[in-house]
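Text of the file final-v9.txt, holding compact mmCIF, C-alpha atoms:
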```txt
# COMPACT_ATOMS: atom_id res chain seq x y z
CA MET A 1 24.31 22.83 3.50
CA THR A 2 25.20 23.25 -0.19
CA ILE A 3 23.77 26.80 -0.23
CA MET A 4 25.71 27.63 2.91
CA GLN A 5 28.99 26.41 1.41
CA ASN A 6 28.54 27.99 -2.03
CA ASN A 7 27.51 31.41 -0.70
CA HIS A 8 29.77 31.41 2.40
CA MET A 9 26.81 32.17 4.63
CA PRO A 10 27.54 32.15 8.38
CA ILE A 11 24.42 30.22 9.31
CA THR A 12 24.04 27.29 11.64
CA TYR A 13 22.67 23.96 10.56
CA TRP A 14 19.71 24.37 12.91
CA ARG A 15 18.74 27.73 11.40
CA ALA A 16 18.99 26.32 7.87
CA TRP A 17 16.83 23.36 8.85
CA LYS A 18 14.27 25.68 10.43
CA GLY A 19 14.15 27.82 7.29
CA LYS A 20 13.62 24.75 5.15
CA LYS A 21 10.76 23.68 7.39
CA ILE A 22 9.09 27.09 7.09
CA ALA A 23 9.48 27.01 3.28
CA ASN A 24 7.89 23.54 3.14
CA ASN A 25 4.96 24.77 5.21
CA LEU A 26 4.45 27.72 2.86
CA LEU A 27 4.64 25.45 -0.18
CA ARG A 28 2.62 22.44 0.99
CA GLY A 29 0.70 23.77 3.95
CA SER A 30 1.26 23.58 7.67
CA PRO A 31 0.66 20.12 9.19
CA LYS A 32 -1.36 21.72 11.98
CA LEU A 33 -3.55 23.89 9.71
CA SER A 34 -4.20 21.13 7.17
CA PHE A 35 -6.57 19.21 9.45
CA PRO A 36 -9.23 21.98 9.65
CA ASN A 37 -9.18 22.13 5.82
CA LEU A 38 -9.50 18.36 5.42
CA PRO A 39 -13.36 18.24 5.26
CA ALA A 40 -13.34 20.91 2.55
CA TYR A 41 -10.66 19.01 0.61
CA LEU A 42 -12.74 15.82 0.70
CA TYR A 43 -15.79 17.81 -0.41
CA MET A 44 -13.90 19.16 -3.41
CA GLY A 45 -12.60 15.67 -4.21
CA ARG A 46 -16.18 14.37 -4.37
CA LYS A 47 -17.29 17.40 -6.38
CA MET A 48 -14.52 17.02 -8.98
CA ASN A 49 -15.06 13.25 -9.20
CA PRO A 50 -18.77 12.38 -8.73
CA GLY A 51 -19.27 8.97 -7.21
CA THR A 52 -16.14 9.18 -5.06
CA ILE A 53 -16.49 7.66 -1.58
CA THR A 54 -14.87 9.40 1.41
CA HIS A 55 -15.18 8.81 5.14
CA LEU A 56 -13.82 11.01 7.91
CA GLU A 57 -13.68 9.89 11.54
CA VAL A 58 -13.02 12.13 14.56
CA ASP A 59 -13.04 11.48 18.30
CA GLU A 60 -15.31 13.03 20.94
CA GLU A 61 -13.12 16.17 20.96
CA SER A 62 -13.37 16.53 17.15
CA LYS A 63 -9.75 15.52 16.77
CA PHE A 64 -8.75 13.64 13.66
CA LYS A 65 -8.71 9.83 13.77
CA TYR A 66 -9.18 8.25 10.33
CA VAL A 67 -9.84 9.17 6.71
CA PHE A 68 -10.80 6.87 3.82
CA ILE A 69 -10.81 7.69 0.07
CA ALA A 70 -11.92 5.63 -2.93
CA TYR A 71 -12.23 7.55 -6.20
CA ALA A 72 -15.10 6.71 -8.51
CA THR A 73 -12.70 5.89 -11.35
CA CYS A 74 -10.88 3.32 -9.22
CA ILE A 75 -14.15 1.78 -8.03
CA LYS A 76 -15.48 1.45 -11.56
CA GLY A 77 -12.24 0.15 -13.02
CA PHE A 78 -11.78 -2.42 -10.28
CA ARG A 79 -14.62 -4.44 -11.79
CA CYS A 80 -12.23 -5.28 -14.63
CA MET A 81 -9.53 -6.58 -12.30
CA ARG A 82 -8.90 -10.12 -11.18
CA LYS A 83 -10.60 -10.92 -7.88
CA ILE A 84 -7.58 -10.47 -5.68
CA ILE A 85 -6.75 -7.62 -3.28
CA VAL A 86 -3.50 -6.75 -1.52
CA VAL A 87 -3.69 -4.73 1.71
CA ASP A 88 -0.76 -3.18 3.54
CA GLY A 89 0.27 -0.10 5.51
CA THR A 90 3.31 2.13 5.89
CA TRP A 91 4.30 4.66 8.53
CA LEU A 92 4.15 8.41 7.94
CA LYS A 93 6.94 10.75 8.98
CA SER A 94 5.14 14.04 9.49
CA ARG A 95 4.79 15.78 12.83
CA TYR A 96 1.64 13.85 13.71
CA LYS A 97 2.96 10.49 12.43
CA GLY A 98 0.23 7.96 11.57
CA VAL A 99 -0.03 5.19 8.97
CA ILE A 100 -1.32 5.16 5.40
CA LEU A 101 -3.31 2.01 4.60
CA ILE A 102 -3.93 0.95 1.02
CA ALA A 103 -5.85 -1.71 -0.89
CA MET A 104 -4.38 -2.68 -4.27
CA ALA A 105 -5.28 -4.88 -7.22
CA GLN A 106 -3.41 -5.88 -10.39
CA ASP A 107 -4.56 -5.67 -13.99
CA GLY A 108 -3.99 -8.22 -16.72
CA ASN A 109 -0.65 -6.68 -17.66
CA PHE A 110 0.71 -6.87 -14.09
CA HIS A 111 0.25 -3.12 -13.48
CA GLN A 112 -0.64 -2.12 -9.93
CA TYR A 113 -4.16 -0.77 -9.55
CA PRO A 114 -5.03 1.23 -6.38
CA ILE A 115 -8.57 0.73 -5.11
CA ALA A 116 -8.73 2.74 -1.90
CA TRP A 117 -6.44 4.23 0.70
CA GLY A 118 -6.68 5.97 4.04
CA VAL A 119 -4.76 7.51 6.91
CA VAL A 120 -5.07 6.20 10.48
CA ASP A 121 -3.23 6.69 13.76
CA SER A 122 -1.44 3.32 13.81
CA GLU A 123 -1.73 -0.31 12.72
CA ASN A 124 -3.98 -1.71 15.43
CA ASP A 125 -7.24 -3.61 15.70
CA ALA A 126 -9.39 -0.46 15.71
CA SER A 127 -7.81 1.13 12.64
CA TRP A 128 -7.72 -2.05 10.53
CA SER A 129 -11.28 -2.90 11.56
CA TRP A 130 -12.43 0.56 10.45
CA PHE A 131 -10.52 0.48 7.14
CA LEU A 132 -11.60 -3.04 6.18
CA THR A 133 -15.21 -2.27 7.10
CA LYS A 134 -15.22 0.70 4.73
CA LEU A 135 -13.56 -1.44 2.07
CA HIS A 136 -16.23 -4.12 2.61
CA HIS A 137 -18.92 -1.55 1.74
CA LEU A 138 -17.27 -1.14 -1.67
CA ILE A 139 -16.30 -4.77 -2.24
CA PRO A 140 -18.78 -7.20 -0.66
CA ASP A 141 -17.56 -10.53 0.63
CA GLU A 142 -17.54 -13.40 -1.92
CA SER A 143 -16.03 -16.86 -1.94
CA GLU A 144 -13.98 -16.05 -5.06
CA TRP A 145 -12.18 -13.10 -3.46
CA VAL A 146 -8.57 -13.54 -2.37
CA LEU A 147 -6.90 -11.09 0.00
CA ILE A 148 -3.11 -11.02 0.44
CA SER A 149 -1.37 -9.35 3.38
CA ASP A 150 1.54 -9.73 5.74
CA ARG A 151 1.14 -11.57 9.04
CA HIS A 152 0.15 -8.55 11.10
CA GLN A 153 -2.18 -9.93 13.75
CA SER A 154 -4.73 -7.11 13.41
CA ILE A 155 -5.08 -7.79 9.67
CA ILE A 156 -5.44 -11.52 10.23
CA ASN A 157 -8.10 -11.04 12.91
CA TRP A 158 -10.30 -8.59 11.04
CA LEU A 159 -9.97 -10.15 7.60
CA SER A 160 -11.38 -13.36 9.05
CA ASN A 161 -14.18 -11.41 10.76
CA ILE A 162 -15.16 -9.11 7.89
CA TYR A 163 -14.31 -11.19 4.82
CA LYS A 164 -15.51 -14.54 6.11
CA LYS A 165 -16.15 -16.16 2.72
CA SER A 166 -12.99 -14.91 1.02
CA GLN A 167 -9.63 -16.67 0.97
CA HIS A 168 -6.73 -15.11 2.85
CA GLY A 169 -3.09 -15.64 1.91
CA HIS A 170 0.18 -14.50 3.48
CA CYS A 171 2.93 -12.56 1.75
CA ARG A 172 5.75 -14.93 0.88
CA TRP A 173 8.41 -12.20 1.16
CA HIS A 174 7.39 -11.11 4.65
CA LEU A 175 7.34 -14.71 5.81
CA SER A 176 10.81 -15.31 4.37
CA GLN A 177 12.11 -12.24 6.20
CA ASN A 178 10.63 -13.55 9.45
CA ILE A 179 12.42 -16.84 8.86
CA LYS A 180 15.65 -15.00 8.12
CA ALA A 181 15.38 -12.95 11.33
CA ASN A 182 14.35 -15.78 13.67
CA VAL A 183 16.20 -18.81 12.30
CA ARG A 184 19.34 -17.05 11.01
CA VAL A 185 20.38 -19.72 8.53
CA LYS A 186 22.23 -18.77 5.34
CA GLY A 187 20.97 -19.91 1.97
CA VAL A 188 17.48 -20.85 3.12
CA ILE A 189 15.55 -18.02 1.44
CA LYS A 190 16.09 -19.23 -2.13
CA LEU A 191 14.90 -22.76 -1.33
CA PHE A 192 11.94 -21.43 0.66
CA ASP A 193 10.85 -19.19 -2.25
CA GLU A 194 11.05 -22.11 -4.68
CA THR A 195 8.96 -24.21 -2.30
CA ALA A 196 6.33 -21.50 -1.89
CA ASN A 197 6.10 -20.86 -5.65
CA ALA A 198 5.76 -24.52 -6.63
CA HIS A 199 2.67 -25.04 -8.82
CA LYS A 200 2.13 -28.77 -8.35
CA VAL A 201 1.69 -30.65 -5.08
CA SER A 202 4.25 -33.25 -6.14
CA GLU A 203 6.80 -30.52 -6.86
CA PHE A 204 6.03 -28.89 -3.52
CA ASN A 205 6.44 -32.15 -1.59
CA GLN A 206 9.83 -32.72 -3.13
CA LEU A 207 11.07 -29.23 -2.30
CA TYR A 208 9.50 -29.26 1.16
CA ASP A 209 11.25 -32.53 2.01
CA GLU A 210 14.52 -30.99 0.90
CA LEU A 211 13.80 -27.93 3.04
CA LYS A 212 13.04 -30.16 6.02
CA ASN A 213 16.23 -32.20 5.61
CA ARG A 214 18.59 -29.28 5.00
CA TYR A 215 16.99 -26.71 7.31
CA PRO A 216 14.92 -28.48 10.00
CA ARG A 217 14.85 -25.32 12.14
CA VAL A 218 12.93 -23.51 9.40
CA VAL A 219 10.21 -26.14 9.28
CA ASN A 220 10.03 -26.13 13.07
CA TYR A 221 9.61 -22.34 13.04
CA LEU A 222 6.77 -22.55 10.51
CA GLU A 223 5.00 -25.20 12.57
CA GLU A 224 5.51 -23.38 15.89
CA SER A 225 4.33 -20.09 14.36
CA ASN A 226 1.08 -21.81 13.31
CA VAL A 227 1.47 -20.85 9.64
CA PRO A 228 -0.60 -23.34 7.61
CA LEU A 229 0.59 -24.39 4.16
CA SER A 230 -2.61 -23.08 2.60
CA LYS A 231 -1.60 -19.52 3.51
CA TRP A 232 1.81 -19.35 1.83
CA ALA A 233 2.23 -22.31 -0.55
CA ARG A 234 0.77 -21.79 -4.02
CA SER A 235 0.10 -25.51 -4.55
CA HIS A 236 -1.97 -25.76 -1.33
CA PHE A 237 -3.87 -22.48 -1.65
CA THR A 238 -7.61 -23.16 -1.86
CA GLY A 239 -8.39 -20.09 -3.97
CA CYS A 240 -6.64 -18.65 -7.01
CA ARG A 241 -3.99 -16.07 -6.21
CA TYR A 242 -2.57 -16.08 -9.76
CA ASN A 243 1.02 -14.84 -9.79
CA ILE A 244 0.54 -12.63 -6.71
CA MET A 245 2.60 -14.25 -3.96
CA THR A 246 3.70 -11.07 -2.18
CA THR A 247 2.42 -7.62 -1.22
CA ASN A 248 4.88 -5.96 -3.60
CA GLY A 249 2.05 -3.96 -5.14
CA ALA A 250 1.47 -2.10 -1.89
CA GLU A 251 5.21 -1.94 -1.23
CA PHE A 252 5.61 -0.25 -4.61
CA ILE A 253 3.18 2.45 -3.51
CA ASN A 254 5.14 2.87 -0.30
CA ALA A 255 8.31 3.45 -2.30
CA VAL A 256 6.62 5.95 -4.61
CA MET A 257 5.23 7.83 -1.60
CA LYS A 258 8.54 7.88 0.27
CA GLN A 259 8.94 11.66 0.12
CA PRO A 260 5.23 12.62 0.49
CA ARG A 261 5.11 10.65 3.74
CA GLU A 262 6.76 13.69 5.33
CA TYR A 263 4.07 16.12 4.08
CA SER A 264 0.96 17.41 5.82
CA ILE A 265 -2.12 15.24 5.46
CA ILE A 266 -3.70 17.25 2.62
CA ALA A 267 -0.39 17.43 0.72
CA LEU A 268 -0.04 13.67 1.24
CA LEU A 269 -3.50 12.96 -0.18
CA GLU A 270 -2.86 15.35 -3.08
CA ALA A 271 0.39 13.58 -3.92
CA MET A 272 -1.37 10.21 -3.86
CA GLN A 273 -4.15 11.50 -6.10
CA ALA A 274 -1.64 12.98 -8.55
CA LYS A 275 0.33 9.71 -8.74
CA VAL A 276 -2.77 7.62 -9.41
CA SER A 277 -4.08 10.08 -12.00
CA LYS A 278 -0.73 9.99 -13.81
CA TRP A 279 -0.73 6.18 -13.85
CA PHE A 280 -4.20 6.12 -15.36
CA ASN A 281 -3.17 8.55 -18.09
CA ASN A 282 -0.05 6.54 -18.92
CA ARG A 283 -1.98 3.27 -19.15
CA ARG A 284 -4.19 4.70 -21.91
CA LYS A 285 -1.12 5.26 -24.08
CA VAL A 286 -0.33 1.54 -24.34
CA VAL A 287 -0.58 0.41 -27.97
CA ALA A 288 -3.19 -2.27 -28.55
CA VAL A 289 -0.87 -4.38 -30.69
CA GLY A 290 1.79 -4.35 -28.00
CA PHE A 291 -0.66 -5.56 -25.37
CA TYR A 292 -1.93 -8.25 -27.73
CA ASN A 293 1.60 -9.59 -28.22
CA ILE A 294 2.12 -9.69 -24.47
CA ILE A 295 -0.98 -11.85 -24.10
CA ARG A 296 0.20 -14.26 -26.81
CA LYS A 297 3.66 -14.69 -25.28
CA ARG A 298 2.24 -15.22 -21.80
CA PHE A 299 -0.26 -17.80 -23.05
CA LYS A 300 2.45 -19.73 -24.90
CA LYS A 301 4.52 -19.76 -21.71
CA ALA A 302 1.55 -21.25 -19.88
CA LEU A 303 1.27 -23.96 -22.53
CA GLU A 304 4.95 -24.83 -22.14
CA MET A 305 4.81 -25.01 -18.34
CA ASN A 306 1.47 -26.84 -18.34
CA VAL A 307 0.43 -25.45 -14.96
CA LYS A 308 -2.94 -24.63 -13.51
CA GLN A 309 -2.69 -21.31 -11.70
CA LEU A 310 -0.41 -19.37 -14.04
CA ASN A 311 -2.74 -16.64 -15.31
CA ARG A 312 -5.77 -18.89 -14.76
CA PHE A 313 -5.38 -20.97 -17.89
CA GLU A 314 -7.06 -24.28 -17.03
CA TYR A 315 -5.97 -27.72 -18.19
CA GLU A 316 -9.15 -28.05 -20.25
CA ILE A 317 -8.34 -24.92 -22.22
CA ILE A 318 -4.82 -26.13 -22.88
CA ALA A 319 -6.12 -29.48 -24.10
CA THR A 320 -8.67 -27.74 -26.33
CA TYR A 321 -5.96 -25.59 -27.88
CA GLU A 322 -3.74 -28.59 -28.59
CA GLN A 323 -6.60 -30.41 -30.34
CA THR A 324 -8.28 -27.61 -32.29
CA ARG A 325 -5.50 -25.01 -32.70
CA ILE A 326 -8.02 -22.18 -32.62
CA GLU A 327 -7.06 -18.57 -32.04
CA ILE A 328 -5.14 -18.15 -28.78
CA TYR A 329 -6.70 -14.78 -27.97
CA ASP A 330 -10.18 -16.32 -27.90
CA LEU A 331 -9.13 -18.81 -25.22
CA CYS A 332 -7.67 -16.43 -22.65
CA SER A 333 -9.61 -15.16 -19.67
CA ASN A 334 -11.56 -11.92 -20.02
CA TYR A 335 -9.22 -10.31 -17.51
CA TYR A 336 -6.44 -10.45 -20.11
CA LYS A 337 -8.36 -9.16 -23.07
CA LEU A 338 -7.70 -5.70 -24.42
CA GLU A 339 -11.35 -4.64 -24.16
CA THR A 340 -11.48 -5.45 -20.45
CA TRP A 341 -8.10 -3.92 -19.81
CA ALA A 342 -9.08 -0.68 -21.55
CA LEU A 343 -12.30 -0.34 -19.52
CA ALA A 344 -10.28 -0.14 -16.32
CA TYR A 345 -8.61 3.09 -17.46
CA VAL A 346 -11.29 4.70 -19.60
CA ASP A 347 -12.13 7.39 -17.02
CA THR A 348 -9.98 10.15 -15.56
CA ILE A 349 -9.27 11.24 -11.98
CA TYR A 350 -9.63 15.02 -11.84
CA LEU A 351 -7.27 16.74 -9.42
CA VAL A 352 -8.53 18.97 -6.63
CA PRO A 353 -7.71 22.62 -7.43
CA GLN A 354 -5.69 24.89 -5.21
CA LEU A 355 -7.15 26.15 -1.95
CA LYS A 356 -7.94 29.61 -3.34
CA ASP A 357 -10.06 28.03 -6.10
CA TRP A 358 -12.20 25.85 -3.83
CA ASP A 359 -15.91 26.43 -4.38
CA ILE A 360 -17.85 25.06 -1.41
CA ASP A 361 -21.59 25.64 -1.26
CA GLU A 362 -22.23 24.24 2.22
CA VAL A 363 -19.31 25.41 4.32
CA GLU A 364 -21.37 25.60 7.51
CA LEU A 365 -22.34 21.92 7.18
CA LEU A 366 -18.76 20.66 7.04
CA PRO A 367 -17.54 19.09 10.29
CA LYS A 368 -14.83 20.73 12.36
CA VAL A 369 -11.60 18.77 12.59
CA PHE A 370 -8.68 19.52 14.89
CA PRO A 371 -5.18 18.03 14.75
CA PRO A 372 -4.59 14.85 16.77
CA ASN A 373 -2.25 14.78 19.70
CA VAL A 374 1.42 14.71 18.85
CA PRO A 375 2.86 11.29 19.77
CA ILE A 376 5.22 11.35 22.73
CA LYS A 377 8.52 9.68 22.00
CA CYS A 378 10.03 7.40 24.58
CA GLY A 379 13.66 7.37 25.60
CA ARG A 380 16.35 9.82 26.45
CA ARG A 381 16.80 13.17 24.74
CA LYS A 382 19.66 13.44 22.28
CA ARG A 383 22.51 15.74 23.23
CA ILE A 384 22.44 19.22 21.70
CA LYS A 385 25.41 21.04 20.28
CA SER A 386 26.84 23.69 22.56
CA HIS A 387 26.14 26.55 20.14
CA LEU A 388 22.39 25.86 20.35
CA LEU A 389 22.50 26.12 24.13
CA GLU A 390 24.47 29.34 23.77
CA MET A 391 21.74 30.73 21.52
CA ALA A 392 19.15 29.93 24.16
CA LYS A 393 21.15 31.71 26.83
CA ASN A 394 21.60 34.83 24.69
CA GLY A 395 17.88 35.07 23.92
CA LEU A 396 18.22 34.64 20.17
CA LYS A 397 15.38 33.70 17.84
CA GLY A 398 14.32 30.11 18.20
CA VAL A 399 14.72 29.98 21.97
CA GLY A 400 11.40 28.21 22.38
CA TYR A 401 12.51 25.43 20.10
CA VAL A 402 15.91 25.08 21.79
CA GLU A 403 14.37 25.11 25.27
CA SER A 404 12.03 22.34 24.21
CA LEU A 405 15.07 20.28 23.31
CA VAL A 406 16.65 20.60 26.73
CA THR A 407 13.38 19.96 28.57
CA PRO A 408 13.28 16.43 30.02
CA ARG A 409 11.18 14.09 27.92
CA ARG A 410 8.23 12.29 29.45
CA HIS A 411 7.98 8.57 28.99
CA ALA A 412 4.95 7.19 27.28
CA PRO A 413 2.64 5.30 29.61
```

Just give me the structure as structure tokens.
Amino acid sequence: MTIMQNNHMPITYWRAWKGKKIANNLLRGSPKLSFPNLPAYLYMGRKMNPGTITHLEVDEESKFKYVFIAYATCIKGFRCMRKIIVVDGTWLKSRYKGVILIAMAQDGNFHQYPIAWGVVDSENDASWSWFLTKLHHLIPDESEWVLISDRHQSIINWLSNIYKKSQHGHCRWHLSQNIKANVRVKGVIKLFDETANAHKVSEFNQLYDELKNRYPRVVNYLEESNVPLSKWARSHFTGCRYNIMTTNGAEFINAVMKQPREYSIIALLEAMQAKVSKWFNNRRKVVAVGFYNIIRKRFKKALEMNVKQLNRFEYEIIATYEQTRIEIYDLCSNYYKLETWALAYVDTIYLVPQLKDWDIDEVELLPKVFPPNVPIKCGRRKRIKSHLLEMAKNGLKGVGYVESLVTPRRHAP
């Protein structure tokens, strides 16, 4: 619209939008043509980054279903992370829609660390089962693992089936939003967050009693929704979820990928790869002395609060420090030491080159992939401006598009 106004161009909004769409397709690739190139893109990703794990799933008609990517650098660096994983998904806005699923961790300096991600048709039992199964091949089930997610029923079902030994916790923020939407009581969120974040059982009991007395409907909602305390209260959690009470790590990725969610699938994966590669490069620039000071300040805070789960400093360690006064850095967990932190970012993620530079030795062995079916939207068609209908009557360019707008829309079954 700005170009139209500045240059006094007699062009309709529809024609300008159509031109922008064509330019985006030329720049980032057509959504329809990107699916046949997807196997070659994954091949080049593995070739540029040896050890990278990719999985591509198609249906009986060779139409795209799922894709999973875990770069070798992320797999190797994840060994230096705390044993906690956040999983979440966000909707895509391209022509073929879909959902991007992601598994995240967090390093000792509270930086988000992507492990693996994938694209599926929607958040359902089949897609989450497939994604978590592929993730399980990379990260076997152990009793020390903690997985954090929202209360999506498909995630809950398949986490309990695939990660049977691991601990599963709910996102405090999502639960508070559910309370806000269903109970509709002002001022309850702050008290609920304080209750969920309480470190000690005695502190939790005091806050929970206050929550029950002031907002009985909230407690009734939690009990009726079958949300056990061990899933959302830090003091009752059986594992160690550290400071991670929400899925904000995955939500951060969703915010960063806000614009690429409209791209074709290859452009989307390229944008994700570029973001992760940039993060890795920036992490290496952190000065060692600066990180060391962060560790010291955080440890002193733990001593002052005298809590158990803050950064995994145990009571025994605190007592030892008070008696011996030995070097603080020697007492902290390995996850917070500079050597461990540096190992997570020692390698580089190499970007896939442009399409014209792809060097594929076994083209004939790559599977054929066709675009999935375009989702059918339910509801009534929006009204179209009269000048668009006039264009259709006069046989101007774009008639096919305009006629598709005036065609009655089928309802989804």

task: Work out how far atom CA of A:Arg261 is from atom CA of A:Ser94, in Å to one decimal.
output: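 We find that atom CA of A:Ser94 and atom CA of A:Arg261 lie 6.7 Å from each other.
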
Between atom CA of A:Tyr41 and atom CA of A:Thr90, distance in Å (one decimal):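 For atom CA of A:Tyr41 relative to atom CA of A:Thr90, the distance reads 22.5 Å.
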
message: List the spatial neighbours of stretch 73-77 of chain A as a PyMOL selection string - criterion: any atom at most 8 Å away, all atoms listed in the file, same-chain residues fewer than 4 positions off excluded.
response: chain A and resi 52+81+113-116+138+343-345+347-349

message: Can you measure atom CA of A:Lys21 to atom CA of A:Gly45 for me? One decimal in Å is fine.
response: 27.3 Å

For stretch 19-54 of chain A versus stretch 267-278 of chain A, which residues have an atom no more than 10 Å away, and what is each residue's nearest atom pair and distance in Å rounded to one decimal, using all atoms listed in the file, chain-then-number order, as a Markdown table?
```
| residue | atom | partner | partner_atom | distance |
| --- | --- | --- | --- | --- |
| A:Leu27 | CA | A:Ala267 | CA | 9.5 |
| A:Arg28 | CA | A:Ala267 | CA | 5.9 |
| A:Gly29 | CA | A:Ala267 | CA | 7.2 |
| A:Ser30 | CA | A:Ala267 | CA | 9.4 |
| A:Pro31 | CA | A:Ala267 | CA | 8.9 |
| A:Ser34 | CA | A:Ala267 | CA | 8.4 |
| A:Leu38 | CA | A:Leu269 | CA | 9.8 |
| A:Tyr41 | CA | A:Glu270 | CA | 9.4 |
| A:Leu42 | CA | A:Leu269 | CA | 9.7 |
| A:Gly45 | CA | A:Gln273 | CA | 9.6 |
```

Using C-alpha atoms, can you write the selected residues to a file as an mmCIF file, in the coordinates of the input?
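Generated output (part.cif):
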```cif
data_model
loop_
_atom_site.group_PDB
_atom_site.id
_atom_site.type_symbol
_atom_site.label_atom_id
_atom_site.label_comp_id
_atom_site.auth_asym_id
_atom_site.auth_seq_id
_atom_site.Cartn_x
_atom_site.Cartn_y
_atom_site.Cartn_z
ATOM 1 C CA LEU A 27 4.640 25.450 -0.180
ATOM 2 C CA ARG A 28 2.620 22.440 0.990
ATOM 3 C CA GLY A 29 0.700 23.770 3.950
ATOM 4 C CA SER A 30 1.260 23.580 7.670
ATOM 5 C CA PRO A 31 0.660 20.120 9.190
ATOM 6 C CA SER A 34 -4.200 21.130 7.170
ATOM 7 C CA LEU A 38 -9.500 18.360 5.420
ATOM 8 C CA TYR A 41 -10.660 19.010 0.610
ATOM 9 C CA LEU A 42 -12.740 15.820 0.700
ATOM 10 C CA GLY A 45 -12.600 15.670 -4.210
#
```

- prompt: Of the candidates A:Lys190, A:Lys32, A:Lys93, A:His168, which shows the shortest atom-to-atom distance to A:Leu229, using all atoms listed in the file?
  reply: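 Answer, going by the shortest atom-to-atom distance: A:His168.
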
task: Determine, counting all atoms listed in the file, which protein, DNA and RNA residues have an atom within 8 Å of an atom of stretch 246-258 of chain A; residues of the same chain fewer than 5 positions away are not included. Present the result as a count of residues only.
output: 21

task: Taking the point (-20.4, 20.8, 8.6) as given in the file, collect each protein or nucleic acid residue that comes within 12 Å of it, counting all atoms listed in the file, and present the set as a PyMOL selection string.
output: chain A and resi 36-40+43+56+62+360-369

- request: Identify, on the basis of all atoms listed in the file, every residue whose closest approach to stretch 202-217 of chain A does not exceed 8 Å; exclude the query and any residue fewer than 3 positions from it along the same chain; express the result as JSON, numbers by chain.
  value: {"A": [183, 185, 188, 191, 192, 194, 195, 196, 198, 199, 220, 221, 235]}

message: Around the point (-11.7, 0.8, 12.5) (coordinates from the file), which residues reach within 12 Å if we count all atoms listed in the file? Answer as a PyMOL selection string.
response: chain A and resi 55-58+65-68+101+118-136+154-155+158+162

statement: Using all atoms listed in the file, the residue out of A:Gln259, A:Thr54, A:Gln354, A:Thr340 with shortest distance to A:Phe78 is A:Thr340

message: For a quick check of understanding, using only C-alpha atoms, which of A:Lys47, A:Val219, A:Lys63, A:Ala16 has the smallest distance to A:Tyr96?
response: A:Lys63

task: Identify, on the basis of all atoms listed in the file, every residue whose closest approach to A:Asn24 does not exceed 10 Å; exclude the query and any residue fewer than 6 positions from it along the same chain; express the result as a list in words.
output: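 Near A:Asn24, the qualifying residues are Lys18, Ser30, Tyr263 and Ser264 of chain A.
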
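Shortest separation to A:Arg234 among A:Ile265, A:Val201, A:Val218, A:Val146 occurs at residue A:Val201, atoms counted being all atoms listed in the file.
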
task: Can you work out which one of A:Asp107, A:Ser143, A:Asn182, A:Leu351 has the shortest atom-to-atom distance to A:Arg79, counting all atoms listed in the file?
output: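 Of A:Asp107, A:Ser143, A:Asn182, A:Leu351, the one nearest A:Arg79 is A:Asp107, counting all atoms listed in the file.
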
- request: Give the answer as one residue: which of A:Met245, A:Leu92, A:Ile11, A:Met44 has the shortest atom-to-atom distance to A:Leu355, using all atoms listed in the file?
  value: A:Met44
